[in-house]
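Here is entry.txt, consisting of compact mmCIF, N, CA and C atoms:
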# COMPACT_ATOMS: atom_id res chain seq x y z
N MET A 1 -11.77 13.21 -8.78
CA MET A 1 -10.73 12.31 -8.30
C MET A 1 -10.69 12.35 -6.77
N ALA A 2 -10.69 11.20 -6.19
CA ALA A 2 -10.70 11.11 -4.74
C ALA A 2 -9.32 11.43 -4.16
N ASN A 3 -9.29 11.62 -2.89
CA ASN A 3 -8.06 11.91 -2.19
C ASN A 3 -7.41 10.60 -1.76
N LEU A 4 -6.17 10.37 -2.18
CA LEU A 4 -5.48 9.12 -1.88
C LEU A 4 -5.36 8.89 -0.38
N THR A 5 -4.99 9.91 0.37
CA THR A 5 -4.80 9.71 1.81
C THR A 5 -6.09 9.30 2.51
N SER A 6 -7.21 9.91 2.14
CA SER A 6 -8.47 9.53 2.80
C SER A 6 -8.90 8.13 2.37
N ASP A 7 -8.63 7.76 1.12
CA ASP A 7 -8.95 6.40 0.67
C ASP A 7 -8.08 5.35 1.38
N ILE A 8 -6.81 5.68 1.59
CA ILE A 8 -5.94 4.75 2.32
C ILE A 8 -6.48 4.54 3.72
N ARG A 9 -6.78 5.64 4.40
CA ARG A 9 -7.26 5.55 5.79
C ARG A 9 -8.56 4.77 5.87
N LEU A 10 -9.48 5.01 4.94
CA LEU A 10 -10.76 4.30 4.94
C LEU A 10 -10.55 2.81 4.68
N ALA A 11 -9.63 2.48 3.79
CA ALA A 11 -9.34 1.06 3.51
C ALA A 11 -8.73 0.38 4.74
N VAL A 12 -7.84 1.08 5.43
CA VAL A 12 -7.22 0.53 6.65
C VAL A 12 -8.28 0.33 7.73
N ASP A 13 -9.16 1.32 7.90
CA ASP A 13 -10.16 1.27 8.97
C ASP A 13 -11.31 0.30 8.68
N SER A 14 -11.71 0.16 7.43
CA SER A 14 -12.91 -0.63 7.14
C SER A 14 -12.65 -1.90 6.33
N GLY A 15 -11.46 -2.02 5.77
CA GLY A 15 -11.15 -3.19 4.94
C GLY A 15 -10.09 -4.06 5.58
N ALA A 16 -9.27 -4.65 4.74
CA ALA A 16 -8.17 -5.49 5.21
C ALA A 16 -6.91 -5.11 4.45
N VAL A 17 -5.83 -4.91 5.19
CA VAL A 17 -4.56 -4.54 4.58
C VAL A 17 -3.43 -5.35 5.21
N ALA A 18 -2.33 -5.46 4.47
CA ALA A 18 -1.10 -6.02 5.00
C ALA A 18 -0.14 -4.84 5.15
N ILE A 19 0.53 -4.76 6.29
CA ILE A 19 1.41 -3.63 6.58
C ILE A 19 2.84 -4.11 6.75
N GLY A 20 3.76 -3.40 6.08
CA GLY A 20 5.19 -3.72 6.17
C GLY A 20 5.66 -4.48 4.94
N ILE A 21 6.95 -4.31 4.65
CA ILE A 21 7.54 -4.92 3.44
C ILE A 21 7.32 -6.42 3.38
N ASN A 22 7.62 -7.13 4.46
CA ASN A 22 7.51 -8.60 4.43
C ASN A 22 6.06 -9.04 4.23
N SER A 23 5.13 -8.40 4.92
CA SER A 23 3.72 -8.76 4.77
C SER A 23 3.20 -8.42 3.38
N VAL A 24 3.65 -7.28 2.85
CA VAL A 24 3.24 -6.89 1.50
C VAL A 24 3.77 -7.88 0.47
N MET A 25 5.04 -8.23 0.58
CA MET A 25 5.63 -9.19 -0.38
C MET A 25 4.92 -10.55 -0.29
N ASP A 26 4.58 -10.97 0.92
CA ASP A 26 3.86 -12.23 1.10
C ASP A 26 2.47 -12.15 0.49
N SER A 27 1.79 -11.02 0.66
CA SER A 27 0.44 -10.89 0.11
C SER A 27 0.46 -10.88 -1.42
N ILE A 28 1.52 -10.34 -2.00
CA ILE A 28 1.66 -10.37 -3.46
C ILE A 28 1.91 -11.80 -3.91
N ALA A 29 2.84 -12.48 -3.24
CA ALA A 29 3.22 -13.85 -3.61
C ALA A 29 2.06 -14.83 -3.50
N THR A 30 1.17 -14.59 -2.54
CA THR A 30 0.04 -15.52 -2.34
C THR A 30 -1.19 -15.10 -3.13
N GLY A 31 -1.10 -14.01 -3.88
CA GLY A 31 -2.21 -13.57 -4.71
C GLY A 31 -3.31 -12.84 -3.97
N LYS A 32 -3.06 -12.42 -2.72
CA LYS A 32 -4.07 -11.74 -1.93
C LYS A 32 -4.08 -10.23 -2.16
N ALA A 33 -2.94 -9.68 -2.57
CA ALA A 33 -2.84 -8.22 -2.75
C ALA A 33 -3.60 -7.79 -4.00
N LYS A 34 -4.42 -6.76 -3.84
CA LYS A 34 -5.15 -6.19 -4.97
C LYS A 34 -4.52 -4.88 -5.41
N LEU A 35 -3.78 -4.24 -4.50
CA LEU A 35 -3.13 -2.97 -4.75
C LEU A 35 -2.03 -2.80 -3.71
N VAL A 36 -0.91 -2.21 -4.12
CA VAL A 36 0.19 -1.95 -3.18
C VAL A 36 0.45 -0.45 -3.16
N ILE A 37 0.65 0.09 -1.97
CA ILE A 37 1.02 1.48 -1.79
C ILE A 37 2.34 1.49 -1.03
N ALA A 38 3.36 2.10 -1.62
CA ALA A 38 4.69 2.12 -1.00
C ALA A 38 5.19 3.54 -0.87
N SER A 39 5.87 3.80 0.21
CA SER A 39 6.47 5.11 0.44
C SER A 39 7.53 5.38 -0.62
N SER A 40 7.59 6.62 -1.08
CA SER A 40 8.60 6.98 -2.08
C SER A 40 10.00 7.03 -1.48
N LYS A 41 10.09 7.06 -0.17
CA LYS A 41 11.38 7.18 0.50
C LYS A 41 11.69 5.93 1.31
N ASN A 42 11.71 4.79 0.66
CA ASN A 42 12.09 3.53 1.29
C ASN A 42 13.60 3.36 1.23
N LYS A 43 14.09 2.33 1.90
CA LYS A 43 15.51 2.01 1.83
C LYS A 43 15.87 1.69 0.38
N PRO A 44 17.11 1.92 -0.01
CA PRO A 44 17.51 1.64 -1.40
C PRO A 44 17.18 0.19 -1.79
N GLY A 45 16.55 0.06 -2.92
CA GLY A 45 16.22 -1.27 -3.46
C GLY A 45 14.87 -1.79 -3.04
N GLU A 46 14.32 -1.35 -1.91
CA GLU A 46 13.04 -1.89 -1.44
C GLU A 46 11.90 -1.54 -2.39
N LEU A 47 11.83 -0.29 -2.81
CA LEU A 47 10.75 0.13 -3.71
C LEU A 47 10.85 -0.62 -5.04
N SER A 48 12.06 -0.73 -5.57
CA SER A 48 12.22 -1.44 -6.85
C SER A 48 11.90 -2.92 -6.70
N ASP A 49 12.22 -3.52 -5.55
CA ASP A 49 11.87 -4.93 -5.31
C ASP A 49 10.35 -5.11 -5.28
N ILE A 50 9.67 -4.21 -4.58
CA ILE A 50 8.20 -4.28 -4.50
C ILE A 50 7.61 -4.12 -5.90
N GLU A 51 8.09 -3.12 -6.63
CA GLU A 51 7.55 -2.87 -7.98
C GLU A 51 7.80 -4.07 -8.90
N HIS A 52 8.95 -4.69 -8.79
CA HIS A 52 9.28 -5.84 -9.64
C HIS A 52 8.35 -7.03 -9.35
N VAL A 53 8.23 -7.37 -8.08
CA VAL A 53 7.39 -8.51 -7.70
C VAL A 53 5.92 -8.24 -8.04
N ALA A 54 5.48 -7.01 -7.79
CA ALA A 54 4.09 -6.66 -8.10
C ALA A 54 3.82 -6.72 -9.60
N LYS A 55 4.80 -6.28 -10.39
CA LYS A 55 4.63 -6.32 -11.85
C LYS A 55 4.48 -7.77 -12.33
N LEU A 56 5.28 -8.65 -11.78
CA LEU A 56 5.19 -10.07 -12.15
C LEU A 56 3.83 -10.65 -11.79
N ALA A 57 3.23 -10.17 -10.71
CA ALA A 57 1.93 -10.66 -10.25
C ALA A 57 0.77 -9.84 -10.81
N ASP A 58 1.07 -8.85 -11.64
CA ASP A 58 0.06 -7.96 -12.23
C ASP A 58 -0.75 -7.22 -11.16
N VAL A 59 -0.02 -6.69 -10.17
CA VAL A 59 -0.61 -5.90 -9.10
C VAL A 59 -0.12 -4.47 -9.25
N LYS A 60 -1.06 -3.53 -9.26
CA LYS A 60 -0.70 -2.12 -9.40
C LYS A 60 0.01 -1.62 -8.15
N VAL A 61 1.01 -0.76 -8.35
CA VAL A 61 1.72 -0.13 -7.24
C VAL A 61 1.53 1.38 -7.34
N ILE A 62 1.12 1.98 -6.24
CA ILE A 62 1.04 3.43 -6.14
C ILE A 62 2.18 3.87 -5.23
N VAL A 63 2.99 4.81 -5.71
CA VAL A 63 4.07 5.33 -4.91
C VAL A 63 3.54 6.54 -4.14
N PHE A 64 3.51 6.40 -2.82
CA PHE A 64 3.02 7.45 -1.93
C PHE A 64 4.08 8.53 -1.82
N ASP A 65 3.70 9.75 -2.08
CA ASP A 65 4.63 10.87 -2.05
C ASP A 65 4.88 11.32 -0.62
N GLY A 66 5.75 10.59 0.05
CA GLY A 66 6.08 10.88 1.44
C GLY A 66 6.92 9.77 2.01
N ASP A 67 7.40 9.99 3.22
CA ASP A 67 8.22 8.96 3.84
C ASP A 67 7.35 7.98 4.63
N SER A 68 8.00 6.99 5.24
CA SER A 68 7.26 5.94 5.93
C SER A 68 6.57 6.46 7.19
N ILE A 69 7.09 7.51 7.80
CA ILE A 69 6.42 8.09 8.96
C ILE A 69 5.10 8.72 8.52
N GLN A 70 5.12 9.43 7.39
CA GLN A 70 3.89 10.05 6.88
C GLN A 70 2.88 8.99 6.46
N LEU A 71 3.34 7.92 5.83
CA LEU A 71 2.42 6.84 5.44
C LEU A 71 1.83 6.18 6.69
N GLY A 72 2.63 6.00 7.71
CA GLY A 72 2.13 5.45 8.97
C GLY A 72 1.05 6.33 9.57
N THR A 73 1.25 7.64 9.51
CA THR A 73 0.27 8.60 10.03
C THR A 73 -1.04 8.50 9.25
N VAL A 74 -0.94 8.41 7.92
CA VAL A 74 -2.13 8.27 7.08
C VAL A 74 -2.89 6.99 7.45
N CYS A 75 -2.15 5.94 7.75
CA CYS A 75 -2.77 4.66 8.12
C CYS A 75 -3.32 4.66 9.54
N GLY A 76 -3.01 5.71 10.31
CA GLY A 76 -3.47 5.79 11.68
C GLY A 76 -2.62 4.96 12.63
N LYS A 77 -1.39 4.70 12.25
CA LYS A 77 -0.49 3.88 13.07
C LYS A 77 0.54 4.77 13.76
N PRO A 78 0.92 4.42 14.99
CA PRO A 78 1.91 5.22 15.71
C PRO A 78 3.34 4.82 15.39
N TYR A 79 3.56 4.27 14.21
CA TYR A 79 4.88 3.84 13.79
C TYR A 79 5.01 4.03 12.28
N SER A 80 6.22 3.93 11.78
CA SER A 80 6.43 4.12 10.35
C SER A 80 5.94 2.90 9.57
N VAL A 81 5.41 3.17 8.38
CA VAL A 81 4.89 2.12 7.51
C VAL A 81 5.51 2.33 6.13
N SER A 82 6.35 1.41 5.72
CA SER A 82 7.04 1.56 4.44
C SER A 82 6.17 1.17 3.26
N ALA A 83 5.23 0.24 3.49
CA ALA A 83 4.35 -0.20 2.41
C ALA A 83 3.12 -0.88 2.99
N ILE A 84 2.03 -0.81 2.23
CA ILE A 84 0.83 -1.56 2.58
C ILE A 84 0.27 -2.18 1.31
N SER A 85 -0.43 -3.27 1.48
CA SER A 85 -1.17 -3.83 0.35
C SER A 85 -2.63 -3.91 0.75
N ILE A 86 -3.47 -3.61 -0.21
CA ILE A 86 -4.91 -3.65 0.02
C ILE A 86 -5.38 -5.06 -0.31
N LEU A 87 -5.94 -5.72 0.68
CA LEU A 87 -6.49 -7.07 0.49
C LEU A 87 -7.99 -6.99 0.27
N ASP A 88 -8.62 -6.04 0.96
CA ASP A 88 -10.05 -5.78 0.83
C ASP A 88 -10.24 -4.28 1.03
N GLN A 89 -10.84 -3.62 0.05
CA GLN A 89 -10.95 -2.17 0.11
C GLN A 89 -11.96 -1.65 1.13
N GLY A 90 -12.77 -2.51 1.69
CA GLY A 90 -13.75 -2.08 2.67
C GLY A 90 -14.70 -1.05 2.08
N ASP A 91 -14.92 0.04 2.80
CA ASP A 91 -15.84 1.10 2.36
C ASP A 91 -15.20 2.11 1.42
N SER A 92 -13.91 1.97 1.17
CA SER A 92 -13.22 2.92 0.30
C SER A 92 -13.43 2.55 -1.17
N ASN A 93 -13.07 3.47 -2.03
CA ASN A 93 -13.11 3.24 -3.48
C ASN A 93 -11.70 3.16 -4.05
N ILE A 94 -10.73 2.82 -3.22
CA ILE A 94 -9.33 2.90 -3.61
C ILE A 94 -9.00 2.04 -4.83
N LEU A 95 -9.69 0.92 -4.99
CA LEU A 95 -9.40 0.05 -6.13
C LEU A 95 -10.02 0.56 -7.42
N ASN A 96 -10.96 1.48 -7.32
CA ASN A 96 -11.66 1.98 -8.49
C ASN A 96 -11.14 3.33 -8.95
N GLU A 97 -10.26 3.95 -8.18
CA GLU A 97 -9.75 5.28 -8.49
C GLU A 97 -8.43 5.19 -9.25
N THR A 98 -8.10 6.25 -9.94
CA THR A 98 -6.79 6.35 -10.59
C THR A 98 -6.01 7.45 -9.91
N TYR A 99 -4.83 7.14 -9.49
CA TYR A 99 -3.98 8.11 -8.79
C TYR A 99 -2.70 8.30 -9.55

Would you mind giving the structure from this file in structure tokens?
Amino acid sequence: MANLTSDIRLAVDSGAVAIGINSVMDSIATGKAKLVIASSKNKPGELSDIEHVAKLADVKVIVFDGDSIQLGTVCGKPYSVSAISILDQGDSNILNETY
């Protein structure tokens, strides 16, 4: 089993992702999201909203065990990231792994 954090970073660096709640929700609504990763410590209701919309669109959601600052660090960003959606996995195997 691969390491989720290294797969996230590789997907961010070599593929295409949408970052932030609004961008993630838009990518789900437009059918571009292939996978969603959301921080387990989002504002109340945000995680459940993402999970609900993703379920309707048949998009898998992985809950990242950490806050948005930690997810931002994994993504290589100098700011907090509450959620990302994978649009293109790039060189990672994130879409083929089970977490």

Enclose the full set of atoms of region 36-46 of chain A listed in the file within a box whose edges lie along x, y and z, apply 6 Å of padding to each of the six sides, and report centre and edge lengths in Å to one decimal as AutoDock Vina command-line options.
--center_x 8.3 --center_y 2.5 --center_z -1.1 --size_x 30.4 --size_y 21.4 --size_z 18.0

message: With all atoms listed in the file as the counted atoms, please give the residues lying no more than 8 Å from Ala83 (chain A), apart from itself and same-chain residues fewer than 2 positions off, as a PyMOL selection string.
response: chain A and resi 18-25+36-39+42+68+71-72+80-81+85-86

task: Would you return as a ChimeraX atom specification the members of chain A that DSSP assigns to strand (DSSP E) on this structure's backbone?
output: /A:16-19,35-39,60-64,83-88

- request: Show which residues sit within 8 Å of Ser6 (chain A), as a list of chain:residue names. Count all atoms listed in the file, and ignore same-chain residues fewer than 5 positions away.
  value: A:Ala11, A:Val12, A:Val74, A:Ser92, A:Asn93, A:Ile94

- request: Point out the residue among A:Asp67, A:Glu51, A:Asp91, A:Glu46 with the least atom-to-atom distance to Ala16 (chain A), counting all atoms listed in the file.
  value: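 Result for the nearest residue to Ala16 (chain A): A:Asp91.
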
field: atom C of Asp7 (chain A) to CA of Lys77 (chain A), distance in Å rounded to a single decimal
entry: 14.0 Å

One-decimal distance in Å that lies between atom N of His52 (chain A) and atom C of Asp88 (chain A):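 Separation of atom C of Asp88 (chain A) and atom N of His52 (chain A): 21.6 Å.
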
field: Point-to-point distance from CA of Lys41 (chain A) to CA of Gly66 (chain A), Å rounded to tenths
entry: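 Rounded to one decimal, the two atoms are 6.5 Å apart.
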
message: With all atoms listed in the file as the counted atoms, please give the residues lying no more than 6 Å from Leu87 (chain A), apart from itself and same-chain residues fewer than 5 positions off, as JSON, numbers by chain.
response: {"A": [16, 17, 18, 32, 33, 34, 35]}

field: Secondary structure check, helix (DSSP H, G or I) residues of chain A, as a PyMOL selection string
entry: chain A and resi 4-14+21-29+46-56+68-74
